[in-house]
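Student: Supplied structure: target-v6.cif, mmCIF, C-alpha atoms and all ligand atoms.
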data_input
loop_
_atom_site.label_atom_id
_atom_site.label_comp_id
_atom_site.auth_asym_id
_atom_site.auth_seq_id
_atom_site.Cartn_x
_atom_site.Cartn_y
_atom_site.Cartn_z
CA MET G 130 20.28 5.19 4.80
CA SER G 131 19.03 1.71 4.05
CA ILE G 132 15.32 1.18 4.46
CA ARG G 133 13.86 -2.32 4.38
CA PRO G 134 11.53 -2.34 1.37
CA ALA G 135 7.96 -3.57 1.39
CA ILE G 136 6.00 -5.25 -1.40
CA ILE G 137 2.28 -5.24 -0.80
CA GLY G 138 -0.29 -6.98 -2.96
CA ASN G 139 -3.73 -5.43 -3.17
CA TRP G 140 -6.24 -7.99 -4.42
CA LYS G 141 -9.09 -5.46 -4.51
CA MET G 142 -12.47 -7.27 -4.93
CA ASN G 143 -10.87 -10.46 -6.25
CA GLY G 144 -10.16 -13.85 -4.75
CA SER G 145 -12.02 -16.78 -3.23
CA GLY G 146 -11.34 -19.85 -1.10
CA ARG G 147 -9.64 -21.38 -4.13
CA ASP G 148 -6.81 -18.86 -3.72
CA VAL G 149 -5.66 -20.33 -0.40
CA LYS G 150 -3.37 -22.50 -2.54
CA LEU G 151 -1.90 -19.47 -4.31
CA VAL G 152 -1.13 -17.71 -1.04
CA ARG G 153 0.47 -20.88 0.34
CA ARG G 154 2.69 -20.93 -2.75
CA PHE G 155 3.63 -17.27 -2.16
CA ALA G 156 4.44 -18.07 1.46
CA ASP G 157 6.58 -21.11 0.55
CA PHE G 158 8.41 -19.08 -2.09
CA LEU G 159 9.16 -16.33 0.41
CA ASP G 160 10.33 -18.77 3.08
CA LYS G 161 12.72 -20.46 0.64
CA GLN G 162 14.13 -17.44 -1.21
CA LYS G 163 16.31 -14.74 0.27
CA ILE G 164 14.02 -11.79 -0.37
CA VAL G 165 15.07 -8.77 1.67
CA ALA G 166 11.64 -7.16 1.94
CA ASP G 167 8.48 -7.24 4.00
CA VAL G 168 5.82 -8.90 1.89
CA MET G 169 2.10 -8.78 2.42
CA ILE G 170 -1.09 -9.73 0.59
CA CYS G 171 -4.24 -7.69 1.22
CA PRO G 172 -7.19 -9.84 0.15
CA PRO G 173 -10.89 -9.00 0.58
CA SER G 174 -11.91 -9.13 4.28
CA THR G 175 -13.72 -12.44 3.72
CA LEU G 176 -10.39 -14.19 3.13
CA ILE G 177 -8.18 -12.65 5.83
CA ASP G 178 -8.89 -15.31 8.43
CA ARG G 179 -8.57 -18.28 6.04
CA LEU G 180 -5.38 -17.06 4.39
CA GLY G 181 -3.83 -16.13 7.73
CA GLU G 182 -4.54 -19.62 9.09
CA ALA G 183 -3.18 -21.24 5.93
CA ILE G 184 0.22 -19.51 6.24
CA LYS G 185 0.62 -19.37 10.01
CA GLY G 186 4.25 -18.85 10.99
CA ALA G 187 5.33 -17.86 7.45
CA LYS G 188 7.17 -14.63 6.60
CA LEU G 189 4.29 -13.55 4.36
CA LYS G 190 1.75 -11.39 6.16
CA ILE G 191 -1.93 -10.71 5.48
CA GLY G 192 -3.45 -7.22 5.48
CA ALA G 193 -6.79 -5.56 4.76
CA GLN G 194 -7.96 -3.01 2.20
CA ASN G 195 -10.18 -0.67 4.21
CA CYS G 196 -11.70 -0.18 7.65
CA HIS G 197 -14.22 1.80 9.68
CA ILE G 198 -12.91 4.22 12.29
CA GLU G 199 -15.17 2.96 15.10
CA PRO G 200 -14.42 -0.33 16.88
CA SER G 201 -18.06 -1.53 16.70
CA GLY G 202 -21.59 -0.25 16.35
CA ALA G 203 -24.49 0.38 13.97
CA PHE G 204 -22.51 0.60 10.73
CA THR G 205 -24.12 -1.97 8.44
CA GLY G 206 -21.69 -3.49 5.98
CA ASP G 207 -18.59 -2.01 7.57
CA VAL G 208 -15.67 -3.76 9.24
CA SER G 209 -13.67 -2.26 12.12
CA VAL G 210 -9.92 -2.39 12.65
CA LEU G 211 -10.57 -4.44 15.77
CA MET G 212 -12.37 -7.05 13.63
CA LEU G 213 -9.62 -7.06 10.99
CA LYS G 214 -7.04 -7.51 13.72
CA ASP G 215 -9.09 -10.33 15.22
CA ALA G 216 -9.17 -11.99 11.78
CA GLY G 217 -5.38 -11.80 11.58
CA ALA G 218 -4.66 -8.66 9.54
CA LYS G 219 -1.34 -6.97 10.30
CA ALA G 220 -1.95 -3.83 8.24
CA VAL G 221 -4.74 -1.91 6.53
CA ILE G 222 -4.63 0.03 3.26
CA VAL G 223 -6.38 3.38 3.72
CA GLY G 224 -7.25 6.07 1.19
CA HIS G 225 -6.84 3.96 -1.94
CA SER G 226 -7.86 6.10 -4.91
CA GLU G 227 -10.76 3.74 -5.64
CA ARG G 228 -12.14 4.56 -2.19
CA ARG G 229 -11.40 8.26 -2.52
CA THR G 230 -13.19 8.31 -5.92
CA GLU G 231 -16.02 5.79 -5.46
CA TYR G 232 -16.86 6.65 -1.85
CA GLY G 233 -15.71 10.26 -1.68
CA GLU G 234 -13.23 9.60 1.13
CA THR G 235 -11.50 12.80 2.18
CA ASP G 236 -8.01 13.31 3.57
CA LYS G 237 -9.60 13.87 6.98
CA GLN G 238 -11.39 10.52 6.85
CA VAL G 239 -8.26 8.77 5.60
CA CYS G 240 -6.35 10.33 8.51
CA GLN G 241 -8.99 9.10 10.97
CA LYS G 242 -8.80 5.61 9.47
CA ALA G 243 -5.00 5.60 9.68
CA GLN G 244 -5.28 6.74 13.28
CA ALA G 245 -7.71 3.90 14.06
CA VAL G 246 -5.35 1.38 12.42
CA ILE G 247 -2.33 2.63 14.35
CA GLY G 248 -4.38 2.75 17.55
CA GLN G 249 -4.94 -1.01 17.28
CA GLY G 250 -1.24 -1.67 16.76
CA LEU G 251 -1.53 -2.42 13.04
CA GLN G 252 0.31 -0.74 10.17
CA ALA G 253 -1.46 1.87 8.07
CA ILE G 254 -0.68 1.94 4.35
CA ILE G 255 -1.75 5.44 3.31
CA CYS G 256 -2.38 5.87 -0.43
CA LEU G 257 -2.13 9.13 -2.34
CA GLY G 258 -1.87 10.17 -5.96
CA GLU G 259 -2.93 12.66 -8.58
CA THR G 260 -5.49 12.21 -11.36
CA ARG G 261 -4.53 12.35 -15.03
CA GLN G 262 -5.97 15.83 -15.26
CA GLN G 263 -3.94 17.05 -12.28
CA PHE G 264 -0.83 15.42 -13.76
CA ASN G 265 -1.41 17.15 -17.09
CA LYS G 266 -1.81 20.48 -15.33
CA GLY G 267 1.50 19.99 -13.50
CA GLN G 268 -0.22 19.80 -10.11
CA THR G 269 1.21 16.46 -8.93
CA LEU G 270 3.49 17.75 -6.17
CA GLN G 271 0.88 20.16 -4.86
CA VAL G 272 -1.81 17.43 -4.79
CA VAL G 273 0.25 14.68 -3.16
CA GLY G 274 1.79 17.13 -0.67
CA ARG G 275 -1.67 18.24 0.40
CA GLN G 276 -2.93 14.64 0.61
CA LEU G 277 0.05 13.60 2.72
CA ARG G 278 -0.31 16.51 5.14
CA GLY G 279 -4.05 15.84 5.44
CA SER G 280 -3.93 12.06 5.68
CA LEU G 281 -0.95 11.43 7.98
CA PRO G 282 -1.92 11.24 11.65
CA SER G 283 0.37 12.77 14.26
CA THR G 284 0.83 9.28 15.73
CA ALA G 285 2.45 8.02 12.52
CA THR G 286 5.95 6.55 12.76
CA PRO G 287 8.11 4.72 10.19
CA GLN G 288 7.18 1.49 12.00
CA ASN G 289 3.41 1.89 11.99
CA THR G 290 2.86 3.75 8.71
CA LEU G 291 3.79 3.28 5.05
CA ILE G 292 3.06 5.79 2.30
CA ALA G 293 2.02 4.57 -1.15
CA TYR G 294 2.24 6.99 -4.07
CA GLU G 295 -0.19 5.77 -6.70
CA PRO G 296 -0.92 8.06 -9.65
CA VAL G 297 -4.64 7.43 -10.27
CA TRP G 298 -4.03 7.30 -14.03
CA ALA G 299 -1.40 4.58 -13.64
CA ILE G 300 -3.59 2.19 -11.63
CA GLY G 301 -4.71 -0.75 -13.76
CA SER G 302 -3.87 1.12 -16.97
CA GLY G 303 -0.55 -0.44 -17.91
CA ARG G 304 0.95 3.05 -17.92
CA THR G 305 3.52 4.34 -15.44
CA PRO G 306 5.08 7.78 -14.96
CA LYS G 307 8.55 8.40 -16.38
CA PRO G 308 11.32 7.47 -13.90
CA ALA G 309 12.18 11.18 -13.49
CA ASP G 310 8.58 11.92 -12.51
CA ILE G 311 8.52 9.13 -9.92
CA ILE G 312 11.83 10.37 -8.49
CA ARG G 313 10.55 13.95 -8.31
CA THR G 314 7.29 12.98 -6.59
CA HIS G 315 8.94 10.62 -4.09
CA ALA G 316 11.53 13.31 -3.29
CA HIS G 317 8.71 15.74 -2.60
CA LEU G 318 6.96 13.23 -0.35
CA ARG G 319 10.24 12.64 1.50
CA LYS G 320 10.72 16.38 1.95
CA THR G 321 7.16 16.71 3.27
CA LEU G 322 7.67 13.78 5.67
CA LEU G 323 10.85 15.43 6.96
CA LYS G 324 8.96 18.65 7.57
CA LEU G 325 6.16 16.82 9.42
CA HIS G 326 8.49 14.46 11.31
CA PRO G 327 11.99 16.00 11.36
CA LYS G 328 13.50 13.17 13.40
CA SER G 329 12.01 10.18 11.58
CA GLY G 330 10.86 11.47 8.17
CA ALA G 331 13.88 9.91 6.46
CA LYS G 332 12.89 6.44 7.61
CA PHE G 333 9.29 6.18 6.37
CA ARG G 334 8.79 3.76 3.50
CA ILE G 335 7.39 5.41 0.38
CA LEU G 336 6.03 2.75 -1.99
CA TYR G 337 5.22 3.26 -5.64
CA GLY G 338 1.97 1.78 -6.99
CA GLY G 339 0.29 1.78 -10.39
CA SER G 340 0.82 -0.89 -13.08
CA VAL G 341 3.89 -2.39 -11.42
CA SER G 342 4.68 -5.57 -13.35
CA ALA G 343 7.35 -8.24 -13.71
CA ALA G 344 8.68 -6.21 -16.64
CA ASN G 345 9.07 -2.81 -14.94
CA ALA G 346 9.52 -3.66 -11.24
CA ALA G 347 13.34 -3.79 -11.22
CA ASP G 348 13.65 -0.35 -12.84
CA ILE G 349 11.03 1.25 -10.57
CA LEU G 350 12.33 -0.33 -7.36
CA ALA G 351 15.84 0.94 -8.10
CA LEU G 352 14.73 4.60 -8.13
CA GLU G 353 15.73 6.95 -5.34
CA ASN G 354 13.26 7.11 -2.45
CA VAL G 355 11.23 4.19 -3.83
CA ASN G 356 11.10 1.83 -0.85
CA GLY G 357 8.90 -0.86 -2.32
CA ALA G 358 5.69 -1.26 -4.27
CA LEU G 359 1.95 -1.57 -3.90
CA VAL G 360 0.92 -4.09 -6.53
CA GLY G 361 -2.62 -4.62 -7.78
CA GLY G 362 -3.29 -6.94 -10.74
CA ALA G 363 0.13 -8.61 -10.74
CA SER G 364 -0.32 -9.79 -7.14
CA LEU G 365 -3.00 -12.23 -8.30
CA SER G 366 -0.51 -14.22 -10.35
CA PHE G 367 2.20 -16.47 -8.88
CA LYS G 368 4.49 -15.91 -11.85
CA ASP G 369 4.13 -12.12 -11.90
CA PHE G 370 4.19 -11.46 -8.16
CA THR G 371 7.20 -13.69 -7.50
CA ALA G 372 9.02 -12.09 -10.45
CA ILE G 373 8.42 -8.71 -8.78
CA LEU G 374 9.73 -10.08 -5.49
CA LYS G 375 12.86 -11.32 -7.26
CA SER G 376 13.55 -7.97 -8.88
CA PHE G 377 15.49 -6.40 -5.98
C1 LIG G 401 -3.62 -0.73 -6.88
O1 LIG G 401 -4.80 -0.96 -7.05
O2 LIG G 401 -3.22 -0.36 -5.76
C2 LIG G 401 -2.70 -0.91 -8.00
C3 LIG G 401 -1.50 -0.45 -7.90
O3 LIG G 401 -3.18 -1.60 -9.10
P1 LIG G 401 -2.35 -2.09 -10.40
O4 LIG G 401 -1.02 -2.59 -9.93
O5 LIG G 401 -3.20 -3.14 -11.00
O6 LIG G 401 -2.19 -0.87 -11.26
#
Since I need it in another form, could you write the structure as structure tokens?
Ligand code: PEP

Tutor:
Amino acid sequence: MSIRPAIIGNWKMNGSGRDVKLVRRFADFLDKQKIVADVMICPPSTLIDRLGEAIKGAKLKIGAQNCHIEPSGAFTGDVSVLMLKDAGAKAVIVGHSERRTEYGETDKQVCQKAQAVIGQGLQAIICLGETRQQFNKGQTLQVVGRQLRGSLPSTATPQNTLIAYEPVWAIGSGRTPKPADIIRTHAHLRKTLLKLHPKSGAKFRILYGGSVSAANAADILALENVNGALVGGASLSFKDFTAILKSF
């Protein structure tokens, strides 16, 4: 079955008004080239509105990196899905390992966030992945299976939800799992999705994330059950990100 791939750039806590130009260049590139993929940049919340305005009508979409589960209220410093949607976000990354580690986000909270995102008609990009220690102990499949079961809301469909497998030890490290390991983990996620959603499990996009670069993207994107990539560092560079987009 052919699944339309997705390439999503996660800018993390990087970017400023100066990067409007960069995103315009991404958008122009995408509009001119025949790239058969959904492409999105997830900047910090402060830039969603500006970047969205700057590329209005382009194929490139703008997403967010996190959200609160409530639509409004006394939650100082937080941003709701409703607000992100109002600013122009089309999707929200939830459960990134940096949030799970730094803020102790649990599968239950990630599931609630995904539910809030879907409830507002946006796409949820649910991240999962094992730590180096869990990888070394051979616990990868057990860990990601548990995270997927705990983080995926019952309202998830292949249209409103994307899964991103990101080994924690691969993020920002320049290291990636062996192709056979990626294939094995994505196959396990596919099997779990089919168990949870027998009718549509085959259609969910499962992205790989963790040190995806211009040099390794083509090999990773060609692997079975890899339906795109979540890209951190390389999505801040025109040369690197467009090289990844060209690697299909
Ligand atoms: C990420 O933060 O989601 C990520 C994949 O980062 P990097 O590509 O820099 O490893």

Student: Would you please work out which residue, of G:Thr314, G:Ser364, G:Thr175, G:Ser302, is nearest to Leu352 in chain G when using all atoms listed in the file?

Tutor: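 Smallest distance to Leu352 in chain G is found for G:Thr314.
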
Student: Can you tell me which residues come within 10 Å of ligand LIG 401 (chain G) when counting all atoms listed in the file, ideally as a short mmCIF file (atom, residue, chain, number, x, y, z; two decimals) with C-alpha atoms, keeping the file's coordinate frame?

Tutor:
data_model
loop_
_atom_site.label_atom_id
_atom_site.label_comp_id
_atom_site.auth_asym_id
_atom_site.auth_seq_id
_atom_site.Cartn_x
_atom_site.Cartn_y
_atom_site.Cartn_z
CA ILE G 137 2.28 -5.24 -0.80
CA GLY G 138 -0.29 -6.98 -2.96
CA ASN G 139 -3.73 -5.43 -3.17
CA TRP G 140 -6.24 -7.99 -4.42
CA LYS G 141 -9.09 -5.46 -4.51
CA GLN G 194 -7.96 -3.01 2.20
CA ILE G 222 -4.63 0.03 3.26
CA HIS G 225 -6.84 3.96 -1.94
CA SER G 226 -7.86 6.10 -4.91
CA GLU G 227 -10.76 3.74 -5.64
CA CYS G 256 -2.38 5.87 -0.43
CA ALA G 293 2.02 4.57 -1.15
CA TYR G 294 2.24 6.99 -4.07
CA GLU G 295 -0.19 5.77 -6.70
CA PRO G 296 -0.92 8.06 -9.65
CA VAL G 297 -4.64 7.43 -10.27
CA TRP G 298 -4.03 7.30 -14.03
CA ALA G 299 -1.40 4.58 -13.64
CA ILE G 300 -3.59 2.19 -11.63
CA GLY G 301 -4.71 -0.75 -13.76
CA SER G 302 -3.87 1.12 -16.97
CA GLY G 303 -0.55 -0.44 -17.91
CA ARG G 304 0.95 3.05 -17.92
CA THR G 305 3.52 4.34 -15.44
CA TYR G 337 5.22 3.26 -5.64
CA GLY G 338 1.97 1.78 -6.99
CA GLY G 339 0.29 1.78 -10.39
CA SER G 340 0.82 -0.89 -13.08
CA VAL G 341 3.89 -2.39 -11.42
CA SER G 342 4.68 -5.57 -13.35
CA ALA G 358 5.69 -1.26 -4.27
CA LEU G 359 1.95 -1.57 -3.90
CA VAL G 360 0.92 -4.09 -6.53
CA GLY G 361 -2.62 -4.62 -7.78
CA GLY G 362 -3.29 -6.94 -10.74
CA ALA G 363 0.13 -8.61 -10.74
CA SER G 364 -0.32 -9.79 -7.14
CA LEU G 365 -3.00 -12.23 -8.30
#

Student: I need every residue sitting at most 12 Å from the point (5.5, -16.1, -2.5) (coordinates as in the file, only C-alpha atoms considered), written as a tab-separated table (two decimals) with C-alpha atoms, keeping the file's coordinate frame.

Tutor:
chain	number	residue	atom	x	y	z
G	136	ILE	CA	6.00	-5.25	-1.40
G	137	ILE	CA	2.28	-5.24	-0.80
G	138	GLY	CA	-0.29	-6.98	-2.96
G	150	LYS	CA	-3.37	-22.50	-2.54
G	151	LEU	CA	-1.90	-19.47	-4.31
G	152	VAL	CA	-1.13	-17.71	-1.04
G	153	ARG	CA	0.47	-20.88	0.34
G	154	ARG	CA	2.69	-20.93	-2.75
G	155	PHE	CA	3.63	-17.27	-2.16
G	156	ALA	CA	4.44	-18.07	1.46
G	157	ASP	CA	6.58	-21.11	0.55
G	158	PHE	CA	8.41	-19.08	-2.09
G	159	LEU	CA	9.16	-16.33	0.41
G	160	ASP	CA	10.33	-18.77	3.08
G	161	LYS	CA	12.72	-20.46	0.64
G	162	GLN	CA	14.13	-17.44	-1.21
G	163	LYS	CA	16.31	-14.74	0.27
G	164	ILE	CA	14.02	-11.79	-0.37
G	166	ALA	CA	11.64	-7.16	1.94
G	167	ASP	CA	8.48	-7.24	4.00
G	168	VAL	CA	5.82	-8.90	1.89
G	169	MET	CA	2.10	-8.78	2.42
G	170	ILE	CA	-1.09	-9.73	0.59
G	184	ILE	CA	0.22	-19.51	6.24
G	187	ALA	CA	5.33	-17.86	7.45
G	188	LYS	CA	7.17	-14.63	6.60
G	189	LEU	CA	4.29	-13.55	4.36
G	190	LYS	CA	1.75	-11.39	6.16
G	364	SER	CA	-0.32	-9.79	-7.14
G	365	LEU	CA	-3.00	-12.23	-8.30
G	366	SER	CA	-0.51	-14.22	-10.35
G	367	PHE	CA	2.20	-16.47	-8.88
G	368	LYS	CA	4.49	-15.91	-11.85
G	369	ASP	CA	4.13	-12.12	-11.90
G	370	PHE	CA	4.19	-11.46	-8.16
G	371	THR	CA	7.20	-13.69	-7.50
G	372	ALA	CA	9.02	-12.09	-10.45
G	373	ILE	CA	8.42	-8.71	-8.78
G	374	LEU	CA	9.73	-10.08	-5.49
G	375	LYS	CA	12.86	-11.32	-7.26

Student: Using all atoms listed in the file for the distances, tell me which of G:Cys196, G:Val221, G:Leu251, G:Val165 is nearest to Ser376 in chain G.

Tutor: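 Of the candidates, the smallest distance to Ser376 in chain G is held by G:Val165.
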
Student: Could you list, as a PyMOL selection string, every residue within 12 Å of Ala331 in chain G, counting all atoms listed in the file and ignoring same-chain residues fewer than 6 positions away?

Tutor: chain G and resi 130-132+286-287+315-325+354+356

Student: Could you tell me how far CA of Arg133 in chain G lies from CA of Arg334 in chain G, in Å and to one decimal?

Tutor: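 Interatomic distance here is 8.0 Å.
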
Student: What does the structure give for the distance between CA of Lys185 in chain G and CA of Cys171 in chain G, in Å to one decimal?

Tutor: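 Calculated distance between CA of Lys185 in chain G and CA of Cys171 in chain G is 15.4 Å.
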
Student: Figure out the distance between CA of Ala135 in chain G and CA of Asn195 in chain G, please, to one decimal in Å.

Tutor: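 Atom-to-atom, CA of Asn195 in chain G to CA of Ala135 in chain G, that is 18.6 Å.
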
Student: Restricting the calculation to all atoms listed in the file: of G:Gly186, G:Pro327, G:Gly258, G:Pro200, which residue gets closest to Leu277 in chain G?

Tutor: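 Of all the options, G:Gly258 lies closest to Leu277 in chain G.
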